[in-house]
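Containing PDB, C-alpha atoms: protein.pdb.
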```
ATOM      1  CA  MET A   1      16.159  11.442 -29.713
ATOM      2  CA  LYS A   2      16.672  11.680 -25.951
ATOM      3  CA  ALA A   3      18.093   8.647 -24.130
ATOM      4  CA  ASN A   4      15.156   8.350 -21.743
ATOM      5  CA  THR A   5      12.746   8.394 -24.690
ATOM      6  CA  VAL A   6      14.652   5.531 -26.326
ATOM      7  CA  GLU A   7      14.597   3.637 -23.047
ATOM      8  CA  ASN A   8      10.823   4.085 -22.724
ATOM      9  CA  ILE A   9      10.273   2.885 -26.302
ATOM     10  CA  ASN A  10      12.466  -0.160 -25.723
ATOM     11  CA  ARG A  11      10.595  -0.969 -22.533
ATOM     12  CA  ARG A  12       7.273  -0.772 -24.377
ATOM     13  CA  ILE A  13       8.609  -3.032 -27.136
ATOM     14  CA  VAL A  14       9.671  -5.629 -24.557
ATOM     15  CA  THR A  15       6.273  -5.432 -22.852
ATOM     16  CA  ILE A  16       4.351  -5.708 -26.125
ATOM     17  CA  SER A  17       6.565  -8.573 -27.296
ATOM     18  CA  ALA A  18       5.988 -10.470 -24.063
ATOM     19  CA  SER A  19       2.254  -9.917 -24.318
ATOM     20  CA  LEU A  20       2.246 -11.144 -27.910
ATOM     21  CA  PHE A  21       4.281 -14.193 -26.931
ATOM     22  CA  ILE A  22       1.794 -15.076 -24.214
ATOM     23  CA  SER A  23      -1.146 -14.416 -26.493
ATOM     24  CA  ILE A  24       0.090 -16.107 -29.675
ATOM     25  CA  VAL A  25       2.621 -18.751 -28.679
ATOM     26  CA  LEU A  26       1.007 -19.946 -25.449
ATOM     27  CA  GLY A  27      -2.496 -19.642 -26.881
ATOM     28  CA  THR A  28      -5.914 -18.510 -25.633
ATOM     29  CA  GLY A  29      -5.221 -14.918 -26.667
ATOM     30  CA  PRO A  30      -6.435 -11.957 -24.642
ATOM     31  CA  VAL A  31      -7.049 -13.777 -21.345
ATOM     32  CA  LEU A  32      -3.388 -14.710 -20.847
ATOM     33  CA  ALA A  33      -2.269 -11.377 -22.269
ATOM     34  CA  ALA A  34      -4.407  -9.592 -19.671
ATOM     35  CA  ARG A  35      -2.783 -11.638 -16.924
ATOM     36  CA  TYR A  36       0.639 -10.397 -18.002
ATOM     37  CA  ASP A  37      -0.334  -6.882 -16.903
ATOM     38  CA  TYR A  38      -0.266  -8.143 -13.300
ATOM     39  CA  TRP A  39       3.112  -9.868 -13.333
ATOM     40  CA  PRO A  40       5.375  -8.949 -10.366
ATOM     41  CA  PRO A  41       8.369  -6.613 -10.681
ATOM     42  CA  GLN A  42      11.895  -8.007 -10.729
ATOM     43  CA  LYS A  43      13.174  -6.030  -7.733
ATOM     44  CA  VAL A  44      12.134  -3.659  -4.967
ATOM     45  CA  PRO A  45      13.211  -0.068  -5.739
ATOM     46  CA  ALA A  46      15.359   1.912  -3.298
ATOM     47  CA  PRO A  47      17.059   5.331  -3.600
ATOM     48  CA  GLU A  48      20.798   5.530  -4.215
ATOM     49  CA  ASP A  49      21.470   7.039  -0.791
ATOM     50  CA  ASN A  50      19.483   4.344   1.010
ATOM     51  CA  GLN A  51      20.151   1.046  -0.706
ATOM     52  CA  THR A  52      18.795  -1.887   1.302
ATOM     53  CA  THR A  53      21.281  -3.670   3.569
ATOM     54  CA  VAL A  54      20.851  -6.091   6.471
ATOM     55  CA  GLU A  55      22.196  -3.509   8.917
ATOM     56  CA  ARG A  56      19.762  -0.837   7.759
ATOM     57  CA  VAL A  57      16.795  -3.201   7.828
ATOM     58  CA  ASN A  58      17.643  -4.446  11.345
ATOM     59  CA  LEU A  59      17.956  -0.881  12.622
ATOM     60  CA  GLY A  60      14.731   0.168  10.926
ATOM     61  CA  LYS A  61      12.887  -2.860  12.291
ATOM     62  CA  ALA A  62      13.938  -1.984  15.843
ATOM     63  CA  LEU A  63      12.883   1.641  15.402
ATOM     64  CA  PHE A  64       9.572   0.604  13.823
ATOM     65  CA  PHE A  65       8.564  -1.424  16.878
ATOM     66  CA  ASP A  66      10.098   0.829  19.546
ATOM     67  CA  PRO A  67       7.465   2.804  21.534
ATOM     68  CA  ARG A  68      10.219   5.130  22.733
ATOM     69  CA  LEU A  69       9.924   6.903  19.377
ATOM     70  CA  SER A  70       6.667   8.455  20.623
ATOM     71  CA  GLY A  71       6.310  11.306  23.065
ATOM     72  CA  SER A  72       4.387   9.063  25.460
ATOM     73  CA  ASN A  73       6.792   6.121  25.065
ATOM     74  CA  TRP A  74       3.866   3.760  24.463
ATOM     75  CA  ILE A  75       3.033   4.142  20.737
ATOM     76  CA  SER A  76       5.264   2.674  18.038
ATOM     77  CA  CYS A  77       4.855   2.507  14.259
ATOM     78  CA  GLY A  78       3.943  -1.136  14.832
ATOM     79  CA  THR A  79       1.094  -0.181  17.171
ATOM     80  CA  CYS A  80      -0.960   0.920  14.177
ATOM     81  CA  HIS A  81       0.806  -1.130  11.493
ATOM     82  CA  ASN A  82       0.402  -4.518  13.133
ATOM     83  CA  PRO A  83       1.746  -7.491  11.115
ATOM     84  CA  ALA A  84      -0.949  -9.697  12.660
ATOM     85  CA  LEU A  85      -3.642  -7.408  11.210
ATOM     86  CA  GLY A  86      -2.381  -7.119   7.629
ATOM     87  CA  TRP A  87       0.007  -4.296   8.637
ATOM     88  CA  SER A  88      -2.951  -2.142   9.651
ATOM     89  CA  ASP A  89      -4.909  -2.015  12.930
ATOM     90  CA  GLY A  90      -8.386  -3.416  12.249
ATOM     91  CA  LEU A  91     -10.055  -0.145  13.295
ATOM     92  CA  PRO A  92     -12.334   2.105  11.224
ATOM     93  CA  THR A  93      -9.936   5.020  11.787
ATOM     94  CA  ALA A  94      -6.604   5.292  13.557
ATOM     95  CA  VAL A  95      -6.134   6.031  17.251
ATOM     96  CA  GLY A  96      -3.345   8.412  18.241
ATOM     97  CA  VAL A  97      -1.855   9.946  21.352
ATOM     98  CA  GLY A  98      -4.176  10.060  24.362
ATOM     99  CA  MET A  99      -6.464   7.524  22.642
ATOM    100  CA  LYS A 100      -7.701  10.252  20.289
ATOM    101  CA  VAL A 101      -9.682   8.817  17.373
ATOM    102  CA  LEU A 102      -8.371  10.257  14.108
ATOM    103  CA  LYS A 103     -10.334  10.989  10.927
ATOM    104  CA  ARG A 104      -8.512   8.585   8.580
ATOM    105  CA  SER A 105      -7.892   4.863   8.727
ATOM    106  CA  THR A 106      -4.461   3.323   9.100
ATOM    107  CA  PRO A 107      -3.360   2.310   5.588
ATOM    108  CA  ALA A 108      -1.844  -1.142   5.254
ATOM    109  CA  ILE A 109       1.840  -0.793   4.377
ATOM    110  CA  LEU A 110       2.277  -3.950   2.299
ATOM    111  CA  ASN A 111       4.148  -2.974  -0.898
ATOM    112  CA  VAL A 112       4.503   0.714   0.018
ATOM    113  CA  ALA A 113       8.009   0.406  -1.450
ATOM    114  CA  TYR A 114       6.396   0.624  -4.901
ATOM    115  CA  ASN A 115       4.226   3.687  -4.187
ATOM    116  CA  LYS A 116       4.990   7.017  -5.839
ATOM    117  CA  HIS A 117       3.011   8.851  -3.152
ATOM    118  CA  GLN A 118       2.683   8.051   0.551
ATOM    119  CA  PHE A 119      -0.243   8.674   2.940
ATOM    120  CA  TRP A 120      -3.901   8.745   1.911
ATOM    121  CA  ASP A 121      -3.480  12.276   0.530
ATOM    122  CA  GLY A 122      -0.070  11.654  -1.061
ATOM    123  CA  ARG A 123       1.668  14.429   0.836
ATOM    124  CA  ALA A 124       4.965  12.495   1.027
ATOM    125  CA  ARG A 125       6.804  11.479  -2.125
ATOM    126  CA  THR A 126       9.305   9.133  -0.436
ATOM    127  CA  LEU A 127       9.215   6.483   2.260
ATOM    128  CA  GLU A 128      11.987   8.357   4.061
ATOM    129  CA  HIS A 129       9.742  11.420   4.307
ATOM    130  CA  GLN A 130       6.720   9.336   5.254
ATOM    131  CA  ALA A 131       8.565   7.488   8.017
ATOM    132  CA  VAL A 132       9.092  10.527  10.235
ATOM    133  CA  GLY A 133       5.679  12.103   9.575
ATOM    134  CA  PRO A 134       3.644  10.146  12.160
ATOM    135  CA  ILE A 135       6.447  10.452  14.731
ATOM    136  CA  LEU A 136       6.258  14.253  14.638
ATOM    137  CA  ALA A 137       2.472  14.578  14.162
ATOM    138  CA  ASP A 138       0.818  16.059  17.262
ATOM    139  CA  GLU A 139      -2.197  13.750  17.024
ATOM    140  CA  GLU A 140      -0.262  10.563  16.265
ATOM    141  CA  MET A 141       3.032   9.831  18.051
ATOM    142  CA  ALA A 142       3.526  13.422  19.274
ATOM    143  CA  GLN A 143       7.314  13.360  19.519
ATOM    144  CA  ASP A 144       9.690  16.245  18.861
ATOM    145  CA  MET A 145      12.839  15.386  16.960
ATOM    146  CA  PRO A 146      15.497  16.895  19.274
ATOM    147  CA  SER A 147      14.049  14.931  22.218
ATOM    148  CA  LEU A 148      13.919  11.739  20.163
ATOM    149  CA  ILE A 149      17.517  12.072  18.998
ATOM    150  CA  ALA A 150      18.673  12.694  22.594
ATOM    151  CA  GLU A 151      16.704   9.676  23.807
ATOM    152  CA  LEU A 152      18.120   7.365  21.130
ATOM    153  CA  MET A 153      21.647   8.582  21.897
ATOM    154  CA  SER A 154      21.084   7.675  25.557
ATOM    155  CA  ILE A 155      20.231   4.072  24.618
ATOM    156  CA  LYS A 156      23.623   2.351  24.335
ATOM    157  CA  GLY A 157      22.474  -0.339  21.918
ATOM    158  CA  TYR A 158      21.377   2.107  19.237
ATOM    159  CA  LYS A 159      24.686   3.900  18.580
ATOM    160  CA  PRO A 160      26.519   0.852  17.128
ATOM    161  CA  MET A 161      23.437  -0.031  15.069
ATOM    162  CA  PHE A 162      23.385   3.449  13.502
ATOM    163  CA  ASP A 163      27.174   3.320  12.992
ATOM    164  CA  ARG A 164      26.925   0.029  11.104
ATOM    165  CA  ALA A 165      23.910   1.076   9.054
ATOM    166  CA  TYR A 166      24.872   4.677   8.233
ATOM    167  CA  GLN A 167      28.593   5.012   8.797
ATOM    168  CA  GLY A 168      29.594   8.553   9.657
ATOM    169  CA  GLU A 169      26.029   9.929   9.472
ATOM    170  CA  GLY A 170      25.146   9.663  13.156
ATOM    171  CA  ILE A 171      21.711   9.607  14.771
ATOM    172  CA  THR A 172      19.697  12.263  12.970
ATOM    173  CA  GLU A 173      16.185  12.820  11.672
ATOM    174  CA  LYS A 174      17.457  11.791   8.247
ATOM    175  CA  THR A 175      18.996   8.486   9.356
ATOM    176  CA  ILE A 176      15.958   7.644  11.484
ATOM    177  CA  GLY A 177      13.715   8.120   8.451
ATOM    178  CA  LYS A 178      16.087   6.225   6.177
ATOM    179  CA  ALA A 179      16.299   3.238   8.530
ATOM    180  CA  ILE A 180      12.527   2.908   8.985
ATOM    181  CA  ALA A 181      12.074   3.238   5.221
ATOM    182  CA  ALA A 182      14.670   0.506   4.634
ATOM    183  CA  PHE A 183      12.674  -1.840   6.862
ATOM    184  CA  GLU A 184       9.374  -0.890   5.224
ATOM    185  CA  ARG A 185      10.852  -1.826   1.830
ATOM    186  CA  THR A 186      11.068  -5.424   3.069
ATOM    187  CA  ILE A 187       7.302  -5.541   3.714
ATOM    188  CA  VAL A 188       6.444  -6.753   0.241
ATOM    189  CA  SER A 189       4.231  -9.382  -1.282
ATOM    190  CA  SER A 190       5.651 -12.854  -1.816
ATOM    191  CA  TYR A 191       3.854 -12.900  -5.183
ATOM    192  CA  ASN A 192       2.870 -16.472  -4.439
ATOM    193  CA  THR A 193      -0.856 -15.965  -3.913
ATOM    194  CA  PRO A 194      -3.318 -18.196  -5.770
ATOM    195  CA  PHE A 195      -3.739 -15.336  -8.274
ATOM    196  CA  ASP A 196       0.024 -15.042  -8.829
ATOM    197  CA  ARG A 197       0.327 -18.778  -9.421
ATOM    198  CA  TRP A 198      -2.574 -18.593 -11.865
ATOM    199  CA  ILE A 199      -1.161 -15.746 -13.947
ATOM    200  CA  LYS A 200       2.063 -17.758 -14.227
ATOM    201  CA  GLY A 201       0.145 -20.641 -15.771
ATOM    202  CA  ASP A 202      -1.264 -22.848 -12.982
ATOM    203  CA  GLU A 203      -4.901 -23.158 -14.084
ATOM    204  CA  SER A 204      -5.808 -25.086 -10.927
ATOM    205  CA  ALA A 205      -4.612 -22.303  -8.589
ATOM    206  CA  ILE A 206      -7.983 -20.499  -8.533
ATOM    207  CA  SER A 207     -11.601 -21.545  -8.934
ATOM    208  CA  GLU A 208     -13.788 -21.085 -11.992
ATOM    209  CA  ALA A 209     -15.781 -18.500 -10.019
ATOM    210  CA  ALA A 210     -12.573 -16.539  -9.334
ATOM    211  CA  LYS A 211     -11.661 -16.692 -13.050
ATOM    212  CA  ARG A 212     -15.055 -15.245 -13.915
ATOM    213  CA  GLY A 213     -14.418 -12.627 -11.242
ATOM    214  CA  PHE A 214     -11.108 -11.683 -12.865
ATOM    215  CA  ASN A 215     -12.835 -11.176 -16.209
ATOM    216  CA  LEU A 216     -15.386  -8.939 -14.478
ATOM    217  CA  PHE A 217     -12.600  -7.090 -12.666
ATOM    218  CA  ASP A 218     -10.884  -6.415 -15.980
ATOM    219  CA  GLY A 219     -14.131  -5.689 -17.799
ATOM    220  CA  LYS A 220     -17.720  -4.966 -16.796
ATOM    221  CA  ALA A 221     -16.912  -4.044 -13.175
ATOM    222  CA  ARG A 222     -14.273  -1.505 -14.296
ATOM    223  CA  CYS A 223     -12.092  -2.197 -11.235
ATOM    224  CA  ASN A 224      -8.907  -2.194 -13.317
ATOM    225  CA  LEU A 225      -9.343   1.495 -14.171
ATOM    226  CA  CYS A 226      -7.809   2.274 -10.769
ATOM    227  CA  HIS A 227      -6.645  -1.075  -9.379
ATOM    228  CA  MET A 228      -4.045  -2.038 -11.951
ATOM    229  CA  GLY A 229      -0.666  -3.720 -12.212
ATOM    230  CA  HIS A 230       1.081  -6.048  -9.787
ATOM    231  CA  ASN A 231       0.110  -3.934  -6.776
ATOM    232  CA  PHE A 232      -3.498  -3.387  -7.907
ATOM    233  CA  GLN A 233      -3.326   0.403  -7.631
ATOM    234  CA  ASP A 234      -2.591   3.305  -9.951
ATOM    235  CA  ASP A 235      -0.846   5.779  -7.621
ATOM    236  CA  GLY A 236      -3.744   8.083  -8.410
ATOM    237  CA  PHE A 237      -6.306   9.946  -6.318
ATOM    238  CA  HIS A 238     -10.045   9.548  -6.812
ATOM    239  CA  ASN A 239     -13.246  10.726  -5.198
ATOM    240  CA  ILE A 240     -15.311   7.535  -5.204
ATOM    241  CA  GLY A 241     -18.492   9.050  -3.792
ATOM    242  CA  LEU A 242     -18.327   7.831  -0.209
ATOM    243  CA  PRO A 243     -21.269   8.711   2.046
ATOM    244  CA  ASP A 244     -20.771  11.540   4.563
ATOM    245  CA  ASN A 245     -17.267  12.312   3.304
ATOM    246  CA  THR A 246     -16.306  15.779   4.581
ATOM    247  CA  ASP A 247     -12.540  15.220   4.294
ATOM    248  CA  ASP A 248     -10.978  17.163   1.396
ATOM    249  CA  GLY A 249      -8.187  14.593   0.970
ATOM    250  CA  ARG A 250      -5.804  15.276  -1.913
ATOM    251  CA  TYR A 251      -7.377  18.713  -2.427
ATOM    252  CA  GLU A 252      -5.584  19.862   0.744
ATOM    253  CA  ILE A 253      -2.294  19.214  -1.075
ATOM    254  CA  LYS A 254      -3.234  20.132  -4.638
ATOM    255  CA  LYS A 255      -6.048  22.636  -5.192
ATOM    256  CA  VAL A 256      -7.699  21.000  -8.209
ATOM    257  CA  LYS A 257     -11.487  20.787  -8.032
ATOM    258  CA  ILE A 258     -11.759  17.141  -9.111
ATOM    259  CA  LEU A 259      -9.425  16.206  -6.240
ATOM    260  CA  LYS A 260     -11.807  17.456  -3.560
ATOM    261  CA  GLY A 261     -12.567  14.425  -1.425
ATOM    262  CA  ALA A 262     -10.143  12.282  -3.444
ATOM    263  CA  PHE A 263      -7.830   9.735  -1.847
ATOM    264  CA  LYS A 264      -5.024   7.483  -3.013
ATOM    265  CA  THR A 265      -5.997   4.134  -4.493
ATOM    266  CA  PRO A 266      -4.987   1.412  -1.999
ATOM    267  CA  THR A 267      -3.570  -1.961  -2.952
ATOM    268  CA  LEU A 268      -6.015  -4.872  -3.072
ATOM    269  CA  ARG A 269      -3.437  -7.428  -1.989
ATOM    270  CA  ASN A 270      -4.415  -9.137   1.295
ATOM    271  CA  ILE A 271      -7.726  -7.306   0.992
ATOM    272  CA  SER A 272      -9.658  -9.704   3.226
ATOM    273  CA  LYS A 273      -7.219  -9.015   6.078
ATOM    274  CA  THR A 274      -7.522  -5.224   6.123
ATOM    275  CA  ALA A 275     -11.160  -4.437   6.933
ATOM    276  CA  PRO A 276     -12.746  -1.969   7.608
ATOM    277  CA  TYR A 277     -12.381  -0.367   4.183
ATOM    278  CA  MET A 278     -11.918   3.101   2.680
ATOM    279  CA  HIS A 279      -9.967   6.058   4.069
ATOM    280  CA  ASN A 280     -12.653   6.629   6.704
ATOM    281  CA  GLY A 281     -13.405   2.978   7.492
ATOM    282  CA  VAL A 282     -17.020   3.429   6.437
ATOM    283  CA  TYR A 283     -17.490  -0.121   5.098
ATOM    284  CA  SER A 284     -17.062  -3.225   7.226
ATOM    285  CA  THR A 285     -17.203  -5.924   4.552
ATOM    286  CA  LEU A 286     -16.233  -6.570   0.957
ATOM    287  CA  GLU A 287     -19.932  -6.962   0.175
ATOM    288  CA  ASP A 288     -20.438  -3.364   1.331
ATOM    289  CA  VAL A 289     -17.593  -2.217  -0.916
ATOM    290  CA  LEU A 290     -18.899  -4.028  -3.994
ATOM    291  CA  ASN A 291     -22.420  -2.695  -3.416
ATOM    292  CA  HIS A 292     -21.013   0.833  -3.198
ATOM    293  CA  TYR A 293     -19.297   0.550  -6.573
ATOM    294  CA  ASP A 294     -22.240  -1.266  -8.128
ATOM    295  CA  LYS A 295     -24.577   1.655  -7.487
ATOM    296  CA  GLY A 296     -21.991   4.187  -8.712
ATOM    297  CA  GLY A 297     -21.166   5.686  -5.330
ATOM    298  CA  ALA A 298     -23.311   7.344  -2.698
ATOM    299  CA  ASN A 299     -22.350  10.991  -3.241
ATOM    300  CA  SER A 300     -22.047  12.687  -6.634
ATOM    301  CA  ALA A 301     -20.111  15.796  -5.534
ATOM    302  CA  HIS A 302     -16.716  15.896  -7.311
ATOM    303  CA  LEU A 303     -17.201  12.240  -8.248
ATOM    304  CA  SER A 304     -14.457  10.608 -10.301
ATOM    305  CA  PRO A 305     -15.521   9.909 -13.911
ATOM    306  CA  ASN A 306     -14.387   6.316 -13.339
ATOM    307  CA  ILE A 307     -17.300   5.731 -10.949
ATOM    308  CA  LYS A 308     -20.476   4.684 -12.760
ATOM    309  CA  PRO A 309     -23.370   2.318 -11.953
ATOM    310  CA  LEU A 310     -22.385  -1.240 -12.931
ATOM    311  CA  SER A 311     -25.639  -3.245 -12.834
ATOM    312  CA  LEU A 312     -23.889  -6.323 -11.468
ATOM    313  CA  THR A 313     -25.934  -9.400 -10.616
ATOM    314  CA  ALA A 314     -25.682 -11.099  -7.240
ATOM    315  CA  GLY A 315     -23.733 -13.909  -8.901
ATOM    316  CA  GLU A 316     -21.289 -11.474 -10.481
ATOM    317  CA  LYS A 317     -20.641  -9.813  -7.133
ATOM    318  CA  GLU A 318     -19.943 -13.211  -5.615
ATOM    319  CA  ASP A 319     -17.522 -14.059  -8.437
ATOM    320  CA  LEU A 320     -15.732 -10.752  -7.920
ATOM    321  CA  GLN A 321     -15.407 -11.470  -4.231
ATOM    322  CA  GLN A 322     -14.006 -14.932  -4.947
ATOM    323  CA  PHE A 323     -11.419 -13.319  -7.218
ATOM    324  CA  LEU A 324     -10.424 -10.801  -4.531
ATOM    325  CA  TYR A 325      -9.817 -13.661  -2.096
ATOM    326  CA  THR A 326      -7.176 -15.039  -4.476
ATOM    327  CA  LEU A 327      -5.040 -11.974  -3.683
ATOM    328  CA  ASP A 328      -4.566 -13.116  -0.073
ATOM    329  CA  GLU A 329      -1.169 -14.429   0.965
ATOM    330  CA  GLU A 330      -0.494 -17.281   3.345
ATOM    331  CA  VAL A 331      -0.137 -15.878   6.866
ATOM    332  CA  LYS A 332       3.399 -16.297   8.162
ATOM    333  CA  GLU A 333       4.764 -15.767  11.628
ATOM    334  CA  PHE A 334       6.541 -12.472  12.153
ATOM    335  CA  ALA A 335       9.153 -12.040  14.865
ATOM    336  CA  VAL A 336       9.051  -8.688  16.647
ATOM    337  CA  PRO A 337      12.646  -7.673  17.469
ATOM    338  CA  VAL A 338      14.272  -7.479  20.888
ATOM    339  CA  LEU A 339      14.846  -3.753  21.353
ATOM    340  CA  PRO A 340      18.216  -2.181  22.198
ATOM    341  CA  ASN A 341      18.818  -1.011  25.767
TER
END
```
Can you dump the structure from the file as structure tokens?
Amino acid sequence: MKANTVENINRRIVTISASLFISIVLGTGPVLAARYDYWPPQKVPAPEDNQTTVERVNLGKALFFDPRLSGSNWISCGTCHNPALGWSDGLPTAVGVGMKVLKRSTPAILNVAYNKHQFWDGRARTLEHQAVGPILADEEMAQDMPSLIAELMSIKGYKPMFDRAYQGEGITEKTIGKAIAAFERTIVSSYNTPFDRWIKGDESAISEAAKRGFNLFDGKARCNLCHMGHNFQDDGFHNIGLPDNTDDGRYEIKKVKILKGAFKTPTLRNISKTAPYMHNGVYSTLEDVLNHYDKGGANSAHLSPNIKPLSLTAGEKEDLQQFLYTLDEEVKEFAVPVLPN
């Protein structure tokens, strides 16, 4: 038997044993067992060649908020991924160079460290790859890499930061991407939301309406088919039947018919802070989103089999919304760095 197969079996045994312990020893059976599926991970993953260090995070943080990474010198990663707006921008769709309105919304980057695919269409498999994509994109930051490297080399404060973070590697496209990715891996949930406290046993952490909403989420409303696990997403791509959706999405990357108009499942954490919703910002409120799913989508072309009419009552929709609010974290101040000169 292969080693990785043994490891997978052992991991499943541990998971099943923990679920049984919660269900049998702690009591109340399937409800607590279901909560275990949403427990947080023990650590944030990082590749071997870009393990997280203070020096790498500090460099990446400076690069993330530095508008000099754009061709115009006025757009930074933080322009669109604003910590005050749930690490998004509060707009229906993103705005790029020359104030051009783009066709997709700015995805919130909370917990992107856990994603197996990056961007709405999943075209990047690593954060390192994702980090340089918007910098080089003509409609976004519109920078060319040789010019960026020359500009960073001309800024005295950056050279020692790169030397400390990536000794002997210099200022390159690779180290720029690695540094930004290292910072993005620190943008993770505290796992101290009302929901997180509840799944760990604090029955008073959420309301009775929110508890009913969780049962709907995990049952009749079918939300957990795509929004699963600690990050409330499945790393999958689904066409959810949005109105007036002419964007091929994942199909542009992988030519499979069911993926036409399909987009990556976003996290639901901090959901109330990241409106408007969907890849094209078509819905302004959570009520709009719930009504969309309740009627089974607005467009049947290439519709995911997970999307079906739900026949939810007004009270059930309200309970679901109350549950979603329990995924919000306490807002904390975020210090934007002083940039090197």
Answer key for the PyMOL selection byres ((chain A and resi 145-156) around 12), residues as a ChimeraX atom specification: /A:59,62-63,66-73,132-137,141-144,157-163,170-177,339-341
Region 207-222 of chain A environment, 10 Å, all atoms listed in the file, sequence neighbours closer than 4 positions dropped, as a PyMOL selection string: chain A and resi 31+34-35+194-195+198+203+226-228+290+293-294+306-312+315-326
Resulting file, chosen residues, C-alpha atoms, as a compact mmCIF listing (two decimals), in the coordinates of the input:
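Listed below is the output, result.txt:
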```txt
# COMPACT_ATOMS: atom_id res chain seq x y z
CA VAL A 31 -7.05 -13.78 -21.34
CA ALA A 34 -4.41 -9.59 -19.67
CA ARG A 35 -2.78 -11.64 -16.92
CA PRO A 194 -3.32 -18.20 -5.77
CA PHE A 195 -3.74 -15.34 -8.27
CA TRP A 198 -2.57 -18.59 -11.86
CA GLU A 203 -4.90 -23.16 -14.08
CA CYS A 226 -7.81 2.27 -10.77
CA HIS A 227 -6.64 -1.08 -9.38
CA MET A 228 -4.04 -2.04 -11.95
CA LEU A 290 -18.90 -4.03 -3.99
CA TYR A 293 -19.30 0.55 -6.57
CA ASP A 294 -22.24 -1.27 -8.13
CA ASN A 306 -14.39 6.32 -13.34
CA ILE A 307 -17.30 5.73 -10.95
CA LYS A 308 -20.48 4.68 -12.76
CA PRO A 309 -23.37 2.32 -11.95
CA LEU A 310 -22.38 -1.24 -12.93
CA SER A 311 -25.64 -3.24 -12.83
CA LEU A 312 -23.89 -6.32 -11.47
CA GLY A 315 -23.73 -13.91 -8.90
CA GLU A 316 -21.29 -11.47 -10.48
CA LYS A 317 -20.64 -9.81 -7.13
CA GLU A 318 -19.94 -13.21 -5.62
CA ASP A 319 -17.52 -14.06 -8.44
CA LEU A 320 -15.73 -10.75 -7.92
CA GLN A 321 -15.41 -11.47 -4.23
CA GLN A 322 -14.01 -14.93 -4.95
CA PHE A 323 -11.42 -13.32 -7.22
CA LEU A 324 -10.42 -10.80 -4.53
CA TYR A 325 -9.82 -13.66 -2.10
CA THR A 326 -7.18 -15.04 -4.48
```
Which residues of region 113-153 of chain A come within 8 Å of region 254-271 of chain A, and what is each one's closest atom pair and distance in Å (one decimal), counting only C-alpha atoms, sorted by chain and residue number, as a Markdown table?
```
| residue | atom | partner | partner_atom | distance |
| --- | --- | --- | --- | --- |
| A:Phe119 | CA | A:Lys264 | CA | 7.7 |
| A:Trp120 | CA | A:Lys264 | CA | 5.2 |
| A:Asp121 | CA | A:Phe263 | CA | 5.6 |
| A:Gly122 | CA | A:Lys264 | CA | 6.8 |
```
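You can rank A:Gly60, A:Gly249, A:Gly98, A:Pro107 by their closest distance to Cys80 (chain A) using only C-alpha atoms, and at the top of that list sits A:Pro107.
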Residues within 7 Å of region 39-42 of chain A, only C-alpha atoms, excluding chain neighbours under 3 positions, as a PyMOL selection string: chain A and resi 36+191+230
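Computed from the coordinates, the CA of Gly296 (chain A) to CA of Ala314 (chain A) distance equals 15.8 Å.
Restricting the calculation to all atoms listed in the file, the smallest distance between Ala301 (chain A) and any of A:Leu242, A:Ala179, A:Ala205, A:Val331 is found for A:Leu242.
Matched in the shown structure by the PyMOL selection byres ((chain A and resi 57) around 8): A:Thr52, A:Thr53, A:Val54, A:Glu55, A:Arg56, A:Asn58, A:Leu59, A:Gly60, A:Lys61, A:Ala179, A:Ile180, A:Ala182, A:Phe183, A:Thr186.
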Selection under test: the PyMOL selection byres ((chain A and resi 128) around 7); residues as a PyMOL selection string: chain A and resi 126-127+129-131+177-178+181
Region 85-89 of chain A surroundings by only C-alpha atoms, 7 Å radius, close-in-sequence under 4 positions cut, as a PDB file with C-alpha atoms, in the frame of the given file:
```pdb
ATOM      1  CA  CYS A  80      -0.960   0.920  14.177  1.00  0.00           C
ATOM      2  CA  HIS A  81       0.806  -1.130  11.493  1.00  0.00           C
ATOM      3  CA  THR A 106      -4.461   3.323   9.100  1.00  0.00           C
ATOM      4  CA  PRO A 107      -3.360   2.310   5.588  1.00  0.00           C
ATOM      5  CA  ALA A 108      -1.844  -1.142   5.254  1.00  0.00           C
ATOM      6  CA  ILE A 109       1.840  -0.793   4.377  1.00  0.00           C
ATOM      7  CA  LEU A 110       2.277  -3.950   2.299  1.00  0.00           C
ATOM      8  CA  ASN A 270      -4.415  -9.137   1.295  1.00  0.00           C
ATOM      9  CA  LYS A 273      -7.219  -9.015   6.078  1.00  0.00           C
ATOM     10  CA  THR A 274      -7.522  -5.224   6.123  1.00  0.00           C
TER      11      THR A 274
END
```
Separation of CA of Gly90 (chain A) from CA of Ser300 (chain A) in Å: 28.3 Å
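Rounded to one decimal, CA of Glu184 (chain A) and CA of Ala113 (chain A) lie 6.9 Å from each other.
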Near-Pro243 (chain A) list (8 Å; all atoms listed in the file; drop same-chain fewer than 4 positions) as JSON, numbers by chain: {"A": [297, 298, 299]}
